[in-house]
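Notes for the one structure printed next.
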Amino acid sequence: MLIRHKLILFFIIFSGLLLGLFSVYIYLASENSRKNIFLDRIKNRALATQEIYSLHDEVAEKIITSIPEQSEYVFDENNNLIFAINDIRDFDFTESFFKTVASNKEYTFSYKPKQNKDYKEGYAFSFGEGNKRRTIAISAYDKSGFEQLLSLRFILVLGNIFFLMIVGVAAIVFANRAFRPINDLVSQVESVKAHDLNFRLYYGDSKNEIGIIATSFNRVLDRIQTLVESQKSFISYASHELRTPLAALNGILETSLNYDEDKKSMELSLAAAHREVGKATKLVNGLLQLTKIEAIKEDAKVKLNIIDLLLDTISFYKLKNPLQEFVFDMVSPQTSNIEVLGYPEFIRTAIINVLDNASKYSAQDKIEIKLSNELDKIYIQIIDRGIGIQEDEKHQLVDIFYRGKNAFGIEGFGLGLSLTQKIITLHQGVFRLRPNTSKGTIAEIILPAIVSSYH
């Protein structure tokens, strides 16, 4: 069942219950009021009978019988009937009845006569003492009262049906009006084409609940579009860049098969093929790291001591490049423990990529690393004295597969800085490049930090 229909049904049932309870209350209140008023009439009749009887020891029927089906009875001290007016014998006067009247001095009662669908009501009381004690009982049928109650029941039933119909129509109109914006959003979603990544939901008021849902949905679409475009870029870049080493590898192997006739020639060909395989492997690893960043989980972050991480990264890099020299300088020596919240594998990869670029483009000249902190920021500067970068290219160098104009002849794919940029952005940091005033390049990594001062 649609939520709209559930709301309509709930609204009708709830309103019906309220109307029903209110109608029952009105009916019961009217019945109680009718009964009290009618009993007062009977009591007054009985008192009038007492006055007349006290004066004349008899009563006149024409005075008493003014209420429909009214019956009047007078009993002596032995509970014997002295006389009765309009005795239709529809009530049994038992010993328990007289005992109740005698003990309470008065008694109201009701009973269901066989010849009438509604019940009759009566009032009895005793007066006098000894052999002068008399009991007067009077009963009657409240014809007009019951007719009014019947009319009230009819009015209440019809009124409830009528008002429930109005409530049902109002609920349908209200539900349709309330769900119209959702229907509009559904229509927009159903009209979108399969490959339309630019589709976004439009809703005028972004501050109500439906607007918030539309905005959140659009944000999800933004992330999906980014992911799809990233996947497309990955496929495009991978197919484009892998073509070169694979084509070179195919050419080397084909030449070796056709022309290499001695062991030395074959060894040279195999060495060249091995280099091309290494390039392809490095390229694939870089592309896979780019895709891994998209799937990283936020709760996998840990606290990292940036000093230990830098020293470990430098030691690891020197294992592969033992000739590379480093100068490590802490600009804030009073700080002994600087921590960041992040992913150790990725931060290490980002730093290695920058170190690799600095070493490669400076012909393994000495690299200077500066570490400093300021409030809640950590600054890592990696300074080389290599070929440098051009001012107009410093923002493009972080684009995937982009290589500087002065990098011709130096091996590389243009993946390292792009990967570094994504990693630092993932850590809510900043990565930027700028030319060194003297010579070379300054690569700066800025990370949000948890800083503990030295004591």
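Letters A, B, ... mark the chains of the structure tokens in the order given; residue numbers begin at 1 per chain; ligand numbers begin at 1, in order shown.
Residues surrounding region 150-161 of chain A within 8 Å are A:Gly16, A:Leu19, A:Gly20, A:Ser23, A:Tyr27, A:Phe146, A:Glu147, A:Leu164, A:Met165 [only C-alpha atoms; sequence separation below 3 positions excluded].
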Quick one: write out the picked residues with N, CA and C atoms as a short mmCIF file (atom, residue, chain, number, x, y, z; two decimals), in the first residue's frame?
data_model
loop_
_atom_site.label_atom_id
_atom_site.label_comp_id
_atom_site.auth_asym_id
_atom_site.auth_seq_id
_atom_site.Cartn_x
_atom_site.Cartn_y
_atom_site.Cartn_z
N GLY A 16 -12.82 9.04 12.42
CA GLY A 16 -14.02 8.28 12.72
C GLY A 16 -14.11 7.90 14.18
N LEU A 19 -14.96 11.08 16.15
CA LEU A 19 -16.37 11.43 15.97
C LEU A 19 -17.27 10.43 16.68
N GLY A 20 -16.91 9.12 16.58
CA GLY A 20 -17.71 8.10 17.24
C GLY A 20 -17.72 8.27 18.75
N SER A 23 -19.79 11.24 19.61
CA SER A 23 -21.22 10.95 19.43
C SER A 23 -21.74 10.10 20.57
N TYR A 27 -24.68 11.07 23.13
CA TYR A 27 -25.86 10.22 23.29
C TYR A 27 -26.04 9.83 24.76
N PHE A 146 -37.76 9.02 24.53
CA PHE A 146 -37.18 7.98 23.69
C PHE A 146 -37.27 8.33 22.22
N GLU A 147 -38.34 9.03 21.84
CA GLU A 147 -38.43 9.48 20.44
C GLU A 147 -37.32 10.48 20.13
N LEU A 164 -17.51 11.93 7.95
CA LEU A 164 -16.44 11.02 7.52
C LEU A 164 -16.22 11.12 6.01
N MET A 165 -17.29 11.33 5.27
CA MET A 165 -17.14 11.54 3.82
C MET A 165 -16.34 12.82 3.56
#
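By only C-alpha atoms, and with residues fewer than 2 positions from region 430-447 of chain A along its chain excluded, the set lying at most 6 Å from it is Lys377, Ile378, Tyr379, Ile380, Gln381, Ile382, Ile383, Asp384, Arg385, Gly386, Ile387, Gly388, Ile389, Lys394 and Gln421 of chain A.
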With N, CA, C and O atoms retained, write the just-selected residues as a tab-separated table (two decimals), in the first residue's frame.
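Below you can see result_29.tsv, which holds the result:
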chain	number	residue	atom	x	y	z
A	377	LYS	N	48.49	23.04	12.11
A	377	LYS	CA	48.97	22.69	10.78
A	377	LYS	C	50.40	22.15	10.85
A	377	LYS	O	51.20	22.61	11.65
A	378	ILE	N	50.68	21.18	10.00
A	378	ILE	CA	52.04	20.65	9.83
A	378	ILE	C	52.49	20.98	8.41
A	378	ILE	O	51.75	20.74	7.45
A	379	TYR	N	53.70	21.52	8.27
A	379	TYR	CA	54.24	21.90	6.98
A	379	TYR	C	55.45	21.02	6.68
A	379	TYR	O	56.39	20.95	7.47
A	380	ILE	N	55.41	20.36	5.54
A	380	ILE	CA	56.55	19.56	5.07
A	380	ILE	C	57.00	20.15	3.74
A	380	ILE	O	56.21	20.19	2.79
A	381	GLN	N	58.23	20.61	3.69
A	381	GLN	CA	58.79	21.16	2.45
A	381	GLN	C	59.89	20.23	1.94
A	381	GLN	O	60.79	19.85	2.70
A	382	ILE	N	59.79	19.86	0.69
A	382	ILE	CA	60.81	19.03	0.03
A	382	ILE	C	61.42	19.89	-1.08
A	382	ILE	O	60.74	20.23	-2.06
A	383	ILE	N	62.69	20.24	-0.91
A	383	ILE	CA	63.35	21.23	-1.78
A	383	ILE	C	64.46	20.53	-2.57
A	383	ILE	O	65.31	19.84	-2.00
A	384	ASP	N	64.40	20.68	-3.89
A	384	ASP	CA	65.48	20.14	-4.73
A	384	ASP	C	66.09	21.28	-5.55
A	384	ASP	O	65.54	22.39	-5.62
A	385	ARG	N	67.21	20.99	-6.16
A	385	ARG	CA	67.90	21.97	-7.00
A	385	ARG	C	68.06	21.41	-8.41
A	385	ARG	O	69.14	21.38	-8.98
A	386	GLY	N	66.93	20.94	-8.93
A	386	GLY	CA	66.93	20.32	-10.26
A	386	GLY	C	66.54	21.29	-11.36
A	386	GLY	O	66.82	22.49	-11.29
A	387	ILE	N	65.80	20.75	-12.34
A	387	ILE	CA	65.47	21.55	-13.53
A	387	ILE	C	64.38	22.57	-13.24
A	387	ILE	O	64.13	23.49	-14.03
A	388	GLY	N	63.67	22.41	-12.10
A	388	GLY	CA	62.65	23.40	-11.72
A	388	GLY	C	61.37	23.27	-12.52
A	388	GLY	O	61.21	22.37	-13.36
A	389	ILE	N	60.44	24.14	-12.25
A	389	ILE	CA	59.16	24.16	-12.97
A	389	ILE	C	58.90	25.58	-13.46
A	389	ILE	O	59.42	26.55	-12.92
A	394	LYS	N	52.70	25.26	-12.80
A	394	LYS	CA	52.71	24.71	-11.44
A	394	LYS	C	51.37	24.11	-11.02
A	394	LYS	O	51.31	23.21	-10.18
A	421	GLN	N	48.51	14.59	-4.96
A	421	GLN	CA	47.45	15.58	-4.79
A	421	GLN	C	46.18	14.94	-4.23
A	421	GLN	O	45.55	15.47	-3.29
I need the residues of region 264-403 of chain A that end up classed as alpha helix (DSSP H) by DSSP on the backbone, written out as a count of residues only. 63
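Closest approach to Ala102 (chain A) from the set A:Ile367, A:Ala273, A:Leu304, A:Ile136 is made by A:Ile136, with distances taken over only C-alpha atoms.
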Within 12 Å of Ile314 (chain A), counting only C-alpha atoms, which residues qualify if same-chain residues fewer than 2 places away don't, as a PyMOL selection string? chain A and resi 307-312+316-322+324-328+348-349+351-356+367-369+382
Identify all residues of region 83-272 of chain A in strand (DSSP E) (DSSP on the backbone) and supply them as a VMD selection string. chain A and resid 83 to 85 106 to 111 120 to 127 134 to 140
Residues of the last selection are to be written out with N, CA and C atoms, as a PDB file, in the first residue's frame.
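What follows is the written file result.pdb:
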ATOM      1  N   PHE A  83     -55.473   0.561  46.111  1.00  0.00           N
ATOM      2  CA  PHE A  83     -56.110   0.803  44.812  1.00  0.00           C
ATOM      3  C   PHE A  83     -55.016   1.097  43.783  1.00  0.00           C
ATOM      4  N   ALA A  84     -55.374   1.020  42.528  1.00  0.00           N
ATOM      5  CA  ALA A  84     -54.439   1.271  41.429  1.00  0.00           C
ATOM      6  C   ALA A  84     -55.156   2.025  40.332  1.00  0.00           C
ATOM      7  N   ILE A  85     -54.454   2.865  39.683  1.00  0.00           N
ATOM      8  CA  ILE A  85     -54.974   3.614  38.540  1.00  0.00           C
ATOM      9  C   ILE A  85     -54.187   3.175  37.304  1.00  0.00           C
ATOM     10  N   GLU A 106     -37.232   5.772  49.727  1.00  0.00           N
ATOM     11  CA  GLU A 106     -37.601   6.017  48.340  1.00  0.00           C
ATOM     12  C   GLU A 106     -36.741   5.129  47.438  1.00  0.00           C
ATOM     13  N   TYR A 107     -37.246   4.898  46.221  1.00  0.00           N
ATOM     14  CA  TYR A 107     -36.564   3.941  45.344  1.00  0.00           C
ATOM     15  C   TYR A 107     -36.932   4.247  43.892  1.00  0.00           C
ATOM     16  N   THR A 108     -35.911   4.382  43.037  1.00  0.00           N
ATOM     17  CA  THR A 108     -36.141   4.555  41.600  1.00  0.00           C
ATOM     18  C   THR A 108     -35.794   3.249  40.915  1.00  0.00           C
ATOM     19  N   PHE A 109     -36.583   2.881  39.930  1.00  0.00           N
ATOM     20  CA  PHE A 109     -36.370   1.595  39.253  1.00  0.00           C
ATOM     21  C   PHE A 109     -36.764   1.725  37.792  1.00  0.00           C
ATOM     22  N   SER A 110     -36.307   0.756  37.013  1.00  0.00           N
ATOM     23  CA  SER A 110     -36.657   0.693  35.590  1.00  0.00           C
ATOM     24  C   SER A 110     -36.825  -0.770  35.217  1.00  0.00           C
ATOM     25  N   TYR A 111     -37.621  -1.026  34.196  1.00  0.00           N
ATOM     26  CA  TYR A 111     -37.878  -2.408  33.781  1.00  0.00           C
ATOM     27  C   TYR A 111     -38.325  -2.418  32.333  1.00  0.00           C
ATOM     28  N   LYS A 120     -39.547   1.061  30.812  1.00  0.00           N
ATOM     29  CA  LYS A 120     -40.302   2.040  31.582  1.00  0.00           C
ATOM     30  C   LYS A 120     -39.530   2.345  32.856  1.00  0.00           C
ATOM     31  N   GLU A 121     -39.836   3.474  33.434  1.00  0.00           N
ATOM     32  CA  GLU A 121     -39.131   3.918  34.639  1.00  0.00           C
ATOM     33  C   GLU A 121     -40.162   4.232  35.718  1.00  0.00           C
ATOM     34  N   GLY A 122     -39.724   4.049  36.984  1.00  0.00           N
ATOM     35  CA  GLY A 122     -40.670   4.265  38.070  1.00  0.00           C
ATOM     36  C   GLY A 122     -40.009   4.853  39.301  1.00  0.00           C
ATOM     37  N   TYR A 123     -40.911   5.286  40.207  1.00  0.00           N
ATOM     38  CA  TYR A 123     -40.450   5.884  41.462  1.00  0.00           C
ATOM     39  C   TYR A 123     -41.413   5.436  42.551  1.00  0.00           C
ATOM     40  N   ALA A 124     -40.816   5.033  43.688  1.00  0.00           N
ATOM     41  CA  ALA A 124     -41.639   4.586  44.805  1.00  0.00           C
ATOM     42  C   ALA A 124     -41.112   5.180  46.097  1.00  0.00           C
ATOM     43  N   PHE A 125     -42.057   5.467  47.066  1.00  0.00           N
ATOM     44  CA  PHE A 125     -41.632   5.964  48.374  1.00  0.00           C
ATOM     45  C   PHE A 125     -42.714   5.610  49.393  1.00  0.00           C
ATOM     46  N   SER A 126     -42.343   5.625  50.634  1.00  0.00           N
ATOM     47  CA  SER A 126     -43.301   5.306  51.699  1.00  0.00           C
ATOM     48  C   SER A 126     -43.428   6.507  52.640  1.00  0.00           C
ATOM     49  N   PHE A 127     -44.571   6.640  53.264  1.00  0.00           N
ATOM     50  CA  PHE A 127     -44.796   7.726  54.227  1.00  0.00           C
ATOM     51  C   PHE A 127     -45.761   7.222  55.297  1.00  0.00           C
ATOM     52  N   ARG A 134     -48.051   4.092  54.272  1.00  0.00           N
ATOM     53  CA  ARG A 134     -48.495   3.820  52.904  1.00  0.00           C
ATOM     54  C   ARG A 134     -47.284   3.859  51.959  1.00  0.00           C
ATOM     55  N   THR A 135     -47.393   3.065  50.910  1.00  0.00           N
ATOM     56  CA  THR A 135     -46.350   3.055  49.863  1.00  0.00           C
ATOM     57  C   THR A 135     -46.987   3.434  48.545  1.00  0.00           C
ATOM     58  N   ILE A 136     -46.432   4.444  47.927  1.00  0.00           N
ATOM     59  CA  ILE A 136     -46.919   4.887  46.620  1.00  0.00           C
ATOM     60  C   ILE A 136     -45.867   4.555  45.571  1.00  0.00           C
ATOM     61  N   ALA A 137     -46.268   3.920  44.496  1.00  0.00           N
ATOM     62  CA  ALA A 137     -45.364   3.592  43.377  1.00  0.00           C
ATOM     63  C   ALA A 137     -46.002   4.088  42.095  1.00  0.00           C
ATOM     64  N   ILE A 138     -45.209   4.699  41.272  1.00  0.00           N
ATOM     65  CA  ILE A 138     -45.695   5.224  40.005  1.00  0.00           C
ATOM     66  C   ILE A 138     -44.692   4.866  38.920  1.00  0.00           C
ATOM     67  N   SER A 139     -45.183   4.406  37.790  1.00  0.00           N
ATOM     68  CA  SER A 139     -44.315   4.077  36.646  1.00  0.00           C
ATOM     69  C   SER A 139     -44.919   4.651  35.383  1.00  0.00           C
ATOM     70  N   ALA A 140     -44.062   4.941  34.388  1.00  0.00           N
ATOM     71  CA  ALA A 140     -44.552   5.532  33.139  1.00  0.00           C
ATOM     72  C   ALA A 140     -43.522   5.312  32.041  1.00  0.00           C
TER      73      ALA A 140
END
